[in-house]
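Next comes my_file_5.pdb, a file with PDB, C-alpha atoms.
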```pdb
ATOM      1  CA  MET G   1      87.050  -3.815  82.475
ATOM      2  CA  ALA G   2      89.144  -6.872  81.618
ATOM      3  CA  ARG G   3      91.451  -6.439  78.686
ATOM      4  CA  LYS G   4      90.722  -8.839  75.819
ATOM      5  CA  VAL G   5      93.565 -10.678  74.206
ATOM      6  CA  GLY G   6      94.367  -9.736  70.588
ATOM      7  CA  LEU G   7      92.466  -6.443  70.499
ATOM      8  CA  GLY G   8      95.503  -4.279  70.943
ATOM      9  CA  GLN G   9      95.551  -1.160  73.115
ATOM     10  CA  LYS G  10      92.351  -0.196  74.913
ATOM     11  CA  LYS G  11      90.625   2.752  73.238
ATOM     12  CA  GLU G  12      89.117   5.646  75.147
ATOM     13  CA  LEU G  13      85.327   5.363  75.092
ATOM     14  CA  ASP G  14      84.619   8.909  76.273
ATOM     15  CA  ALA G  15      84.864  11.544  73.555
ATOM     16  CA  GLN G  16      85.642  15.116  74.441
ATOM     17  CA  LEU G  17      83.307  17.597  72.716
ATOM     18  CA  ASN G  18      84.825  21.048  72.367
ATOM     19  CA  LEU G  19      81.948  23.429  72.818
ATOM     20  CA  THR G  20      83.746  26.680  71.973
ATOM     21  CA  PRO G  21      83.585  26.475  68.143
ATOM     22  CA  PHE G  22      80.074  25.071  68.420
ATOM     23  CA  ILE G  23      78.906  28.094  70.413
ATOM     24  CA  ASP G  24      80.777  30.420  68.045
ATOM     25  CA  LEU G  25      78.966  28.932  65.068
ATOM     26  CA  LEU G  26      75.591  29.125  66.805
ATOM     27  CA  SER G  27      76.156  32.764  67.821
ATOM     28  CA  THR G  28      77.120  33.697  64.258
ATOM     29  CA  CYS G  29      74.069  31.867  62.912
ATOM     30  CA  VAL G  30      71.760  33.612  65.400
ATOM     31  CA  CYS G  31      73.189  37.050  64.561
ATOM     32  CA  PHE G  32      72.927  36.487  60.808
ATOM     33  CA  LEU G  33      69.376  35.144  60.974
ATOM     34  CA  LEU G  34      68.229  37.912  63.340
ATOM     35  CA  ILE G  35      69.613  40.573  61.001
ATOM     36  CA  THR G  36      68.091  39.031  57.876
ATOM     37  CA  ALA G  37      64.772  38.101  59.505
ATOM     38  CA  VAL G  38      61.619  39.476  57.875
ATOM     39  CA  TRP G  39      59.049  40.080  60.564
ATOM     40  CA  ILE G  40      56.235  41.399  58.338
ATOM     41  CA  GLU G  41      55.343  39.071  55.514
ATOM     42  CA  ILE G  42      54.304  41.115  52.505
ATOM     43  CA  GLY G  43      52.346  39.376  49.801
ATOM     44  CA  SER G  44      50.680  40.570  46.635
ATOM     45  CA  VAL G  45      47.377  40.320  44.818
ATOM     46  CA  GLU G  46      47.624  40.364  41.031
ATOM     47  CA  ILE G  47      45.192  42.650  39.270
ATOM     48  CA  LYS G  48      44.550  43.360  35.619
ATOM     49  CA  GLN G  49      42.842  46.627  34.796
ATOM     50  CA  SER G  50      39.349  46.276  33.279
ATOM     51  CA  HIS G  51      39.917  42.752  31.975
ATOM     52  CA  GLY G  52      41.163  39.380  33.179
ATOM     53  CA  THR G  53      44.447  37.684  32.375
ATOM     54  CA  GLN G  54      45.222  35.921  29.079
ATOM     55  CA  ALA G  55      44.402  32.535  30.620
ATOM     56  CA  ALA G  56      40.725  33.441  30.524
ATOM     57  CA  ALA G  57      40.628  33.497  26.719
ATOM     58  CA  SER G  58      41.277  29.753  26.381
ATOM     59  CA  LYS G  59      38.078  28.653  28.137
ATOM     60  CA  LYS G  60      35.227  27.581  25.843
ATOM     61  CA  ILE G  61      32.194  28.828  27.762
ATOM     62  CA  SER G  62      33.172  31.955  29.554
ATOM     63  CA  TYR G  63      31.157  33.301  32.421
ATOM     64  CA  ASP G  64      32.133  36.717  33.644
ATOM     65  CA  LEU G  65      31.242  38.298  36.928
ATOM     66  CA  ASP G  66      30.745  41.989  37.610
ATOM     67  CA  VAL G  67      31.110  43.006  41.228
ATOM     68  CA  VAL G  68      29.676  46.495  41.698
ATOM     69  CA  PHE G  69      30.020  48.255  45.031
ATOM     70  CA  ARG G  70      26.755  50.119  45.747
ATOM     71  CA  GLY G  71      28.009  51.329  49.074
ATOM     72  CA  GLU G  72      29.649  50.010  52.215
ATOM     73  CA  LYS G  73      26.718  47.707  52.948
ATOM     74  CA  SER G  74      25.634  46.664  49.502
ATOM     75  CA  ILE G  75      27.247  44.885  46.555
ATOM     76  CA  SER G  76      25.649  43.948  43.225
ATOM     77  CA  LEU G  77      26.728  40.846  41.334
ATOM     78  CA  ASN G  78      26.058  40.447  37.629
ATOM     79  CA  LEU G  79      26.794  37.094  36.043
ATOM     80  CA  LYS G  80      27.433  37.387  32.313
ATOM     81  CA  LYS G  81      27.883  34.872  29.540
ATOM     82  CA  ASN G  82      29.438  36.131  26.319
ATOM     83  CA  GLY G  83      28.666  39.679  27.362
ATOM     84  CA  LYS G  84      24.967  39.044  28.098
ATOM     85  CA  ARG G  85      23.676  39.296  31.635
ATOM     86  CA  LEU G  86      22.321  35.988  32.938
ATOM     87  CA  LYS G  87      21.700  36.759  36.560
ATOM     88  CA  ALA G  88      21.738  39.745  38.909
ATOM     89  CA  ILE G  89      22.119  39.362  42.646
ATOM     90  CA  ASN G  90      22.076  42.054  45.298
ATOM     91  CA  VAL G  91      24.052  41.365  48.446
ATOM     92  CA  LYS G  92      23.230  43.432  51.519
ATOM     93  CA  GLY G  93      24.234  43.303  55.165
ATOM     94  CA  ASN G  94      24.261  45.252  58.411
ATOM     95  CA  SER G  95      28.017  45.776  58.301
ATOM     96  CA  PHE G  96      30.785  45.292  55.759
ATOM     97  CA  GLU G  97      31.841  42.017  57.416
ATOM     98  CA  ASP G  98      28.255  40.814  57.095
ATOM     99  CA  VAL G  99      28.227  41.832  53.415
ATOM    100  CA  LEU G 100      31.411  39.806  52.844
ATOM    101  CA  LYS G 101      29.800  36.728  54.401
ATOM    102  CA  GLN G 102      26.706  37.218  52.232
ATOM    103  CA  LEU G 103      28.944  37.712  49.183
ATOM    104  CA  ASP G 104      30.751  34.452  49.888
ATOM    105  CA  THR G 105      27.439  32.583  50.261
ATOM    106  CA  ALA G 106      26.007  34.170  47.109
ATOM    107  CA  ILE G 107      29.077  33.257  45.038
ATOM    108  CA  VAL G 108      29.107  29.650  46.272
ATOM    109  CA  ASP G 109      25.339  28.979  46.128
ATOM    110  CA  LYS G 110      23.994  31.208  43.373
ATOM    111  CA  ILE G 111      26.920  31.860  41.040
ATOM    112  CA  LEU G 112      29.268  28.865  41.103
ATOM    113  CA  GLY G 113      26.363  26.442  41.625
ATOM    114  CA  LEU G 114      24.265  27.911  38.801
ATOM    115  CA  LYS G 115      21.687  25.456  37.388
ATOM    116  CA  LYS G 116      22.927  22.840  39.880
ATOM    117  CA  LYS G 117      26.220  22.393  38.037
ATOM    118  CA  THR G 118      29.585  23.881  38.836
ATOM    119  CA  ILE G 119      30.612  26.663  36.489
ATOM    120  CA  GLU G 120      33.923  28.466  36.086
ATOM    121  CA  ILE G 121      34.270  32.209  36.193
ATOM    122  CA  ALA G 122      36.765  33.313  33.571
ATOM    123  CA  SER G 123      37.156  36.832  34.867
ATOM    124  CA  ALA G 124      35.701  39.168  37.438
ATOM    125  CA  THR G 125      35.503  42.931  37.182
ATOM    126  CA  ILE G 126      35.210  45.139  40.233
ATOM    127  CA  THR G 127      33.595  48.565  40.074
ATOM    128  CA  PRO G 128      34.798  50.600  43.065
ATOM    129  CA  ARG G 129      32.964  53.369  44.876
ATOM    130  CA  SER G 130      34.272  56.343  46.822
ATOM    131  CA  SER G 131      32.442  55.247  49.992
ATOM    132  CA  VAL G 132      34.385  51.978  49.938
ATOM    133  CA  ASN G 133      38.006  52.131  50.994
ATOM    134  CA  TYR G 134      40.922  50.159  49.584
ATOM    135  CA  GLY G 135      41.107  47.765  52.545
ATOM    136  CA  GLN G 136      37.465  46.817  52.050
ATOM    137  CA  MET G 137      38.028  46.302  48.330
ATOM    138  CA  ILE G 138      40.938  43.949  49.092
ATOM    139  CA  SER G 139      38.669  41.996  51.468
ATOM    140  CA  ALA G 140      36.126  41.592  48.632
ATOM    141  CA  ILE G 141      38.912  40.491  46.260
ATOM    142  CA  ASP G 142      39.923  37.977  48.941
ATOM    143  CA  VAL G 143      36.424  36.460  48.861
ATOM    144  CA  LEU G 144      36.653  36.113  45.065
ATOM    145  CA  ARG G 145      40.127  34.568  45.198
ATOM    146  CA  LYS G 146      39.020  32.181  47.947
ATOM    147  CA  ASN G 147      36.385  30.883  45.500
ATOM    148  CA  GLU G 148      39.046  30.372  42.814
ATOM    149  CA  ILE G 149      38.132  33.480  40.826
ATOM    150  CA  VAL G 150      41.657  34.698  40.154
ATOM    151  CA  ASN G 151      41.383  36.770  36.970
ATOM    152  CA  ILE G 152      40.302  39.998  38.562
ATOM    153  CA  GLY G 153      40.189  43.440  37.030
ATOM    154  CA  ILE G 154      39.263  46.808  38.475
ATOM    155  CA  ILE G 155      37.370  49.383  36.468
ATOM    156  CA  SER G 156      39.023  52.772  36.550
ATOM    157  CA  ALA G 157      35.930  54.707  37.573
ATOM    158  CA  ARG G 158      35.673  58.408  38.268
ATOM    159  CA  GLY G 159      34.768  59.117  41.901
ATOM    160  CA  ARG G 160      31.094  58.428  42.552
TER     161      ARG G 160
ATOM    162  CA  MET V   1      79.780  10.542  75.361
ATOM    163  CA  ARG V   2      81.003  12.702  78.214
ATOM    164  CA  LEU V   3      81.170  16.435  77.845
ATOM    165  CA  ASN V   4      84.244  18.271  78.935
ATOM    166  CA  HIS V   5      83.525  19.145  82.546
ATOM    167  CA  SER V   6      85.915  22.018  82.580
ATOM    168  CA  LEU V   7      83.975  23.674  79.797
ATOM    169  CA  VAL V   8      80.410  22.673  80.580
ATOM    170  CA  GLY V   9      80.294  23.777  84.181
ATOM    171  CA  ALA V  10      82.160  24.241  87.405
ATOM    172  CA  ASN V  11      83.418  21.109  89.152
ATOM    173  CA  ALA V  12      83.037  20.466  92.860
ATOM    174  CA  PHE V  13      86.210  22.305  93.828
ATOM    175  CA  GLU V  14      85.304  25.371  91.793
ATOM    176  CA  LYS V  15      81.845  25.361  93.376
ATOM    177  CA  HIS V  16      83.439  25.214  96.806
ATOM    178  CA  LEU V  17      85.666  28.194  95.917
ATOM    179  CA  ILE V  18      82.677  30.147  94.670
ATOM    180  CA  ASN V  19      80.670  29.381  97.811
ATOM    181  CA  ARG V  20      83.615  30.377 100.040
ATOM    182  CA  LYS V  21      83.982  33.648  98.211
ATOM    183  CA  ARG V  22      80.257  34.312  98.528
ATOM    184  CA  LYS V  23      80.363  33.628 102.251
ATOM    185  CA  LYS V  24      83.318  35.975 102.683
ATOM    186  CA  ALA V  25      81.691  38.778 100.783
ATOM    187  CA  TRP V  26      78.532  38.739 102.863
ATOM    188  CA  GLY V  27      75.975  41.144 101.419
ATOM    189  CA  LYS V  28      78.019  41.647  98.261
ATOM    190  CA  ARG V  29      77.262  39.983  94.934
ATOM    191  CA  GLY V  30      79.562  37.097  93.963
ATOM    192  CA  VAL V  31      81.965  38.138  91.220
ATOM    193  CA  VAL V  32      82.816  34.661  89.969
ATOM    194  CA  MET V  33      79.814  33.141  88.202
ATOM    195  CA  ALA V  34      79.460  29.672  86.787
ATOM    196  CA  LEU V  35      78.190  29.863  83.227
ATOM    197  CA  MET V  36      75.535  27.253  82.458
ATOM    198  CA  LEU V  37      76.641  26.352  78.961
ATOM    199  CA  THR V  38      74.196  23.497  78.461
ATOM    200  CA  SER V  39      71.113  25.680  78.748
ATOM    201  CA  MET V  40      72.795  28.402  76.671
ATOM    202  CA  VAL V  41      73.529  25.970  73.849
ATOM    203  CA  ASP V  42      69.947  24.666  74.099
ATOM    204  CA  MET V  43      68.600  28.189  73.800
ATOM    205  CA  PHE V  44      70.886  29.007  70.861
ATOM    206  CA  SER V  45      69.902  25.843  69.036
ATOM    207  CA  MET V  46      66.201  26.611  69.485
ATOM    208  CA  LEU V  47      66.730  30.189  68.292
ATOM    209  CA  VAL V  48      68.596  28.999  65.205
ATOM    210  CA  VAL V  49      65.853  26.474  64.355
ATOM    211  CA  PHE V  50      63.115  29.099  64.825
ATOM    212  CA  LEU V  51      64.937  31.716  62.748
ATOM    213  CA  LEU V  52      65.721  29.205  59.992
ATOM    214  CA  GLN V  53      62.034  28.265  59.826
ATOM    215  CA  THR V  54      60.938  31.896  59.528
ATOM    216  CA  PHE V  55      63.677  32.695  57.022
ATOM    217  CA  SER V  56      62.218  33.982  53.783
ATOM    218  CA  SER V  57      63.982  34.119  50.427
ATOM    219  CA  SER V  58      61.362  36.397  48.808
ATOM    220  CA  PRO V  59      62.613  39.806  47.646
ATOM    221  CA  GLU V  60      62.550  42.479  50.290
ATOM    222  CA  ILE V  61      60.154  45.276  49.402
ATOM    223  CA  LEU V  62      60.304  48.455  51.458
ATOM    224  CA  VAL V  63      56.958  49.666  52.723
ATOM    225  CA  THR V  64      56.699  53.437  52.391
ATOM    226  CA  LYS V  65      56.541  55.169  55.759
ATOM    227  CA  GLY V  66      53.048  55.958  57.005
ATOM    228  CA  ILE V  67      51.296  53.370  54.890
ATOM    229  CA  GLU V  68      49.191  50.733  56.589
ATOM    230  CA  LEU V  69      48.736  47.899  54.126
ATOM    231  CA  PRO V  70      45.496  45.899  54.113
ATOM    232  CA  ASN V  71      45.479  42.283  55.236
ATOM    233  CA  SER V  72      44.779  39.452  52.872
ATOM    234  CA  LEU V  73      43.968  35.785  53.336
ATOM    235  CA  THR V  74      45.125  34.821  49.849
ATOM    236  CA  PRO V  75      48.449  36.558  49.195
ATOM    237  CA  ALA V  76      50.891  35.481  46.504
ATOM    238  CA  MET V  77      54.647  35.940  46.651
ATOM    239  CA  VAL V  78      55.730  39.510  46.019
ATOM    240  CA  LYS V  79      57.896  40.146  42.943
ATOM    241  CA  GLU V  80      60.689  42.649  42.514
ATOM    242  CA  ALA V  81      59.359  45.625  40.563
ATOM    243  CA  PRO V  82      59.041  49.427  40.882
ATOM    244  CA  VAL V  83      56.852  50.481  43.802
ATOM    245  CA  ILE V  84      54.096  53.077  43.602
ATOM    246  CA  ALA V  85      52.717  54.109  46.974
ATOM    247  CA  LEU V  86      49.522  55.923  47.940
ATOM    248  CA  SER V  87      49.659  57.243  51.471
ATOM    249  CA  LYS V  88      46.828  58.065  53.847
ATOM    250  CA  ASP V  89      47.727  61.787  53.794
ATOM    251  CA  GLY V  90      47.041  61.902  50.045
ATOM    252  CA  ASN V  91      50.587  61.770  48.660
ATOM    253  CA  LEU V  92      51.820  59.598  45.842
ATOM    254  CA  TYR V  93      55.344  58.158  45.803
ATOM    255  CA  LEU V  94      57.216  56.284  43.092
ATOM    256  CA  ASP V  95      60.131  54.241  44.419
ATOM    257  CA  GLN V  96      60.091  56.221  47.705
ATOM    258  CA  VAL V  97      60.261  59.557  45.812
ATOM    259  CA  LEU V  98      57.387  61.978  46.263
ATOM    260  CA  ILE V  99      55.565  62.701  43.004
ATOM    261  CA  GLY V 100      52.809  64.905  44.427
ATOM    262  CA  SER V 101      49.303  64.611  45.792
ATOM    263  CA  ILE V 102      47.174  61.756  44.485
ATOM    264  CA  LYS V 103      44.295  63.976  43.371
ATOM    265  CA  LYS V 104      46.586  66.345  41.456
ATOM    266  CA  THR V 105      48.379  63.417  39.817
ATOM    267  CA  VAL V 106      45.064  61.858  38.806
ATOM    268  CA  ASN V 107      43.993  65.143  37.185
ATOM    269  CA  SER V 108      47.336  65.807  35.459
ATOM    270  CA  PRO V 109      49.385  62.619  35.341
ATOM    271  CA  SER V 110      52.195  63.952  33.111
ATOM    272  CA  LYS V 111      54.833  63.934  35.891
ATOM    273  CA  LEU V 112      54.039  60.362  36.867
ATOM    274  CA  MET V 113      53.896  59.290  33.224
ATOM    275  CA  ASN V 114      57.358  60.795  32.606
ATOM    276  CA  LYS V 115      58.801  58.921  35.586
ATOM    277  CA  LEU V 116      57.162  55.695  34.424
ATOM    278  CA  SER V 117      58.551  56.092  30.901
ATOM    279  CA  GLU V 118      62.018  56.709  32.419
ATOM    280  CA  ILE V 119      61.728  53.409  34.309
ATOM    281  CA  LYS V 120      60.587  51.695  31.125
ATOM    282  CA  LYS V 121      63.510  53.152  29.148
ATOM    283  CA  SER V 122      66.062  52.104  31.744
ATOM    284  CA  TRP V 123      64.555  48.603  31.704
ATOM    285  CA  GLY V 124      64.919  48.546  27.915
ATOM    286  CA  LYS V 125      68.581  49.542  28.203
ATOM    287  CA  SER V 126      69.420  46.948  30.850
ATOM    288  CA  HIS V 127      67.358  44.154  29.207
ATOM    289  CA  PRO V 128      67.677  44.756  25.449
ATOM    290  CA  GLU V 129      66.322  41.367  24.362
ATOM    291  CA  THR V 130      63.580  40.903  26.967
ATOM    292  CA  PRO V 131      60.118  42.337  26.341
ATOM    293  CA  PHE V 132      58.936  44.807  28.977
ATOM    294  CA  PRO V 133      56.880  42.887  31.583
ATOM    295  CA  GLY V 134      54.954  45.964  32.761
ATOM    296  CA  GLN V 135      55.099  44.851  36.349
ATOM    297  CA  ILE V 136      54.597  47.280  39.206
ATOM    298  CA  ASN V 137      53.908  46.906  42.918
ATOM    299  CA  MET V 138      51.239  49.141  44.369
ATOM    300  CA  GLN V 139      51.223  49.949  48.059
ATOM    301  CA  ALA V 140      48.143  51.798  49.179
ATOM    302  CA  ASP V 141      46.951  52.638  52.656
ATOM    303  CA  ARG V 142      43.849  50.693  53.633
ATOM    304  CA  GLU V 143      41.980  53.958  54.297
ATOM    305  CA  VAL V 144      42.495  55.381  50.786
ATOM    306  CA  THR V 145      39.268  55.357  48.765
ATOM    307  CA  SER V 146      38.978  52.557  46.229
ATOM    308  CA  THR V 147      38.095  54.984  43.417
ATOM    309  CA  LEU V 148      41.391  56.858  43.863
ATOM    310  CA  VAL V 149      43.302  53.568  43.747
ATOM    311  CA  SER V 150      41.493  52.511  40.581
ATOM    312  CA  GLN V 151      42.199  55.878  38.936
ATOM    313  CA  VAL V 152      45.917  55.554  39.677
ATOM    314  CA  MET V 153      45.743  52.020  38.284
ATOM    315  CA  GLY V 154      44.222  53.486  35.129
ATOM    316  CA  ILE V 155      47.227  55.812  34.769
ATOM    317  CA  LEU V 156      49.616  52.888  35.286
ATOM    318  CA  THR V 157      47.839  50.881  32.602
ATOM    319  CA  GLY V 158      48.146  53.881  30.289
ATOM    320  CA  GLY V 159      51.889  53.887  30.965
ATOM    321  CA  GLN V 160      52.066  50.204  29.924
ATOM    322  CA  PHE V 161      52.397  48.964  33.491
ATOM    323  CA  GLU V 162      49.577  46.471  33.164
ATOM    324  CA  ALA V 163      50.615  43.768  35.614
ATOM    325  CA  ILE V 164      49.779  45.508  38.867
ATOM    326  CA  GLU V 165      50.551  43.715  42.101
ATOM    327  CA  LEU V 166      48.670  45.069  45.096
ATOM    328  CA  ALA V 167      50.856  44.806  48.173
ATOM    329  CA  VAL V 168      49.128  43.247  51.160
ATOM    330  CA  ILE V 169      50.104  41.835  54.499
ATOM    331  CA  GLY V 170      49.726  38.097  54.502
ATOM    332  CA  GLY V 171      48.203  36.078  57.286
ATOM    333  CA  GLY V 172      44.665  37.438  57.381
ATOM    334  CA  ARG V 173      42.941  39.716  59.844
TER     335      ARG V 173
END
```
Could you write out this file's structure as C-alpha cells?
Amino acid sequence: MARKVGLGQKKELDAQLNLTPFIDLLSTCVCFLLITAVWIEIGSVEIKQSHGTQAAASKKISYDLDVVFRGEKSISLNLKKNGKRLKAINVKGNSFEDVLKQLDTAIVDKILGLKKKTIEIASATITPRSSVNYGQMISAIDVLRKNEIVNIGIISARGR
Amino acid sequence: MRLNHSLVGANAFEKHLINRKRKKAWGKRGVVMALMLTSMVDMFSMLVVFLLQTFSSSPEILVTKGIELPNSLTPAMVKEAPVIALSKDGNLYLDQVLIGSIKKTVNSPSKLMNKLSEIKKSWGKSHPETPFPGQINMQADREVTSTLVSQVMGILTGGQFEAIELAVIGGGR
C-alpha cells in the first residue's frame, strides 16, 4: 500500500487477540454456572385452608365454587352466591384425565359463562377424598388456576 | 482482525513436524496434538449462553429424599420458608427432620405443633418488628392421599401457618 503524505507512521491494521485470558474467563464462567445450575424447576401453588385469600372480600358480587371429589372418576361442582347454592354440576369421565377435560369444559361453559355473561369466582373450596391422591388434586387445582380461579382453599376432611 | 496463528492452531511447519512424527511412529498414536481452539471457544461460548439462560435466582429449596412431587402447569415462584414433607412411605418431615408417621401425627399432632411453635418463636426473635407471615412450603409425594394432605394442612393452619405453598414441579406433564 502506498504511504500517504502527512499521515505519519503507518499503523498496523491487524490486531492480535490473546485467547488465553478469554478461555480462562469462559472456563471459569462454565464451571460456576454448571455448579449453580438448577436442573429441576420447583414452583409452588398457594393454598388457603377452608377459605380464599383476603382479595376475595373486596368483590361486590361474590360467587364461590365448591369442588367435591366423589371419586377418581367423578367431581361435583356447586356454584354458590352469598352462601346459597345456585347451580350443581356433576362431572364424570372414563379416566381421571377425561374428568379433568370435562371439568375444564364445565367451568368454562357452565360456570364462568353463567347466564351468558362472564362471572368471577371469588374463591374455590376443594373437598378431597381418600380415593384421590395428591397428584390428582394438584391437577384439578391446575384446571381451576388455568381458568383464573386463584383463591383456592382445601377443606380439612377426615378420611372418607 | 487476524487471530494469533501461534495460539489458534498449528502453522504449516508444525503440521509438517506432526505428520513426520506420525509417519515415524507407524501404528502408534501421535503424541503431539494440535488443539483446535476456535471450536473450543465456540463450544464454551455456547455453553455459557445456555447456562446463563437457564440460570435461576429463585431460592433453592431442597426436595426431601424419596418424594416425587406432582407436576403443575401453573406454578408460581417458590418462596423461602420452612418445609414440611410428606413421603410416600408415610413419614412426615419438618425441615428434613423426621417427626414421625403421618397418620400418628394427624391423630396426635403435639410434637409437630411444638416444632412449629419453636419455628414461630425463632422467627419472632429474629424479626421483632415484622408480623409473622405464617408461610410454609409443603412437599408431598404425588401418591399420598389427598385427605391426609388436607389433614396435615389443617394442623398447619392450627399452628398459625396459614399461607401454605404446595411444592410442585413446573413445566407440566
Discussion item. Counting all atoms listed in the file, a student should be able to say which residues of chain V come within 8 Å of chain G; what is the right answer, written as number ranges by chain?
Written reply: V: 1-4, 7-8, 41, 44-45, 47-48, 51-52, 54-56, 61, 69-78, 140-151, 153-154, 157, 162-171
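One finds atom CA of Gln102 of chain G at 16.2 Å from atom CA of Leu79 of chain G.
Reported to one decimal place, the separation of atom CA of Ile149 of chain G from atom CA of Lys73 of chain G is 21.9 Å.
Take the candidates V:Met33, V:Leu116, V:Ile18, V:Ala85 and check each one against Ile67 of chain V using all atoms listed in the file; the shortest distance goes to V:Ala85.
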Worksheet item: How far is it from atom CA of Leu35 of chain V to atom CA of Val49 of chain V, in Å with one decimal?
Response: 22.8 Å
Residues within 10 Å of (24.5, 49.2, 57.8), file coordinates, counting all atoms listed in the file: what are they? Give the list as a CSV table (one decimal) with C-alpha atoms, keeping the file's coordinate frame.
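Just written: result33.csv:
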```csv
chain,number,residue,atom,x,y,z
G,71,GLY,CA,28.0,51.3,49.1
G,72,GLU,CA,29.6,50.0,52.2
G,73,LYS,CA,26.7,47.7,52.9
G,74,SER,CA,25.6,46.7,49.5
G,92,LYS,CA,23.2,43.4,51.5
G,93,GLY,CA,24.2,43.3,55.2
G,94,ASN,CA,24.3,45.3,58.4
G,95,SER,CA,28.0,45.8,58.3
G,96,PHE,CA,30.8,45.3,55.8
G,98,ASP,CA,28.3,40.8,57.1
G,99,VAL,CA,28.2,41.8,53.4
```
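Proximity to Tyr93 of chain V was assessed for V:Ala81, V:Gln53, V:Met138, V:Ser126 counting only C-alpha atoms; the smallest distance is recorded for V:Met138.
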Discussion item. I'd like the neighbourhood of segment 96-101 of chain V as a count of residues only, where a residue qualifies if any of its atoms comes within 12 Å (using all atoms listed in the file), though same-chain residues fewer than 4 positions away should be ignored.
Written reply: 34
Worksheet item: Which residues come within 8 Å of Glu120 of chain G, counting all atoms listed in the file, excluding same-chain residues fewer than 6 positions away, as a ChimeraX atom specification?
Response: /G:62-63,112
Selected residues, C-alpha atoms, written as a tab-separated table (two decimals), keeping the file's coordinate frame, please.
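Okay, result_17.tsv is ready:
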```tsv
chain	number	residue	atom	x	y	z
G	62	SER	CA	33.17	31.96	29.55
G	63	TYR	CA	31.16	33.30	32.42
G	112	LEU	CA	29.27	28.86	41.10
```
Item to complete: For the structure provided, state which residues fall under the PyMOL selection byres ((chain G and resi 81) around 12), and present them as a PyMOL selection string.
Response: chain G and resi 60-66+78-80+82-87+111+119-124
Hey, can I get the axis-aligned box for segment 14-23 of chain G? All listed atoms, 5 Å padding on each side, centre and edge lengths in Å to one decimal, as JSON.
```
{"center_x": 82.3, "center_y": 18.5, "center_z": 72.2, "size_x": 16.7, "size_y": 29.2, "size_z": 18.1}
```
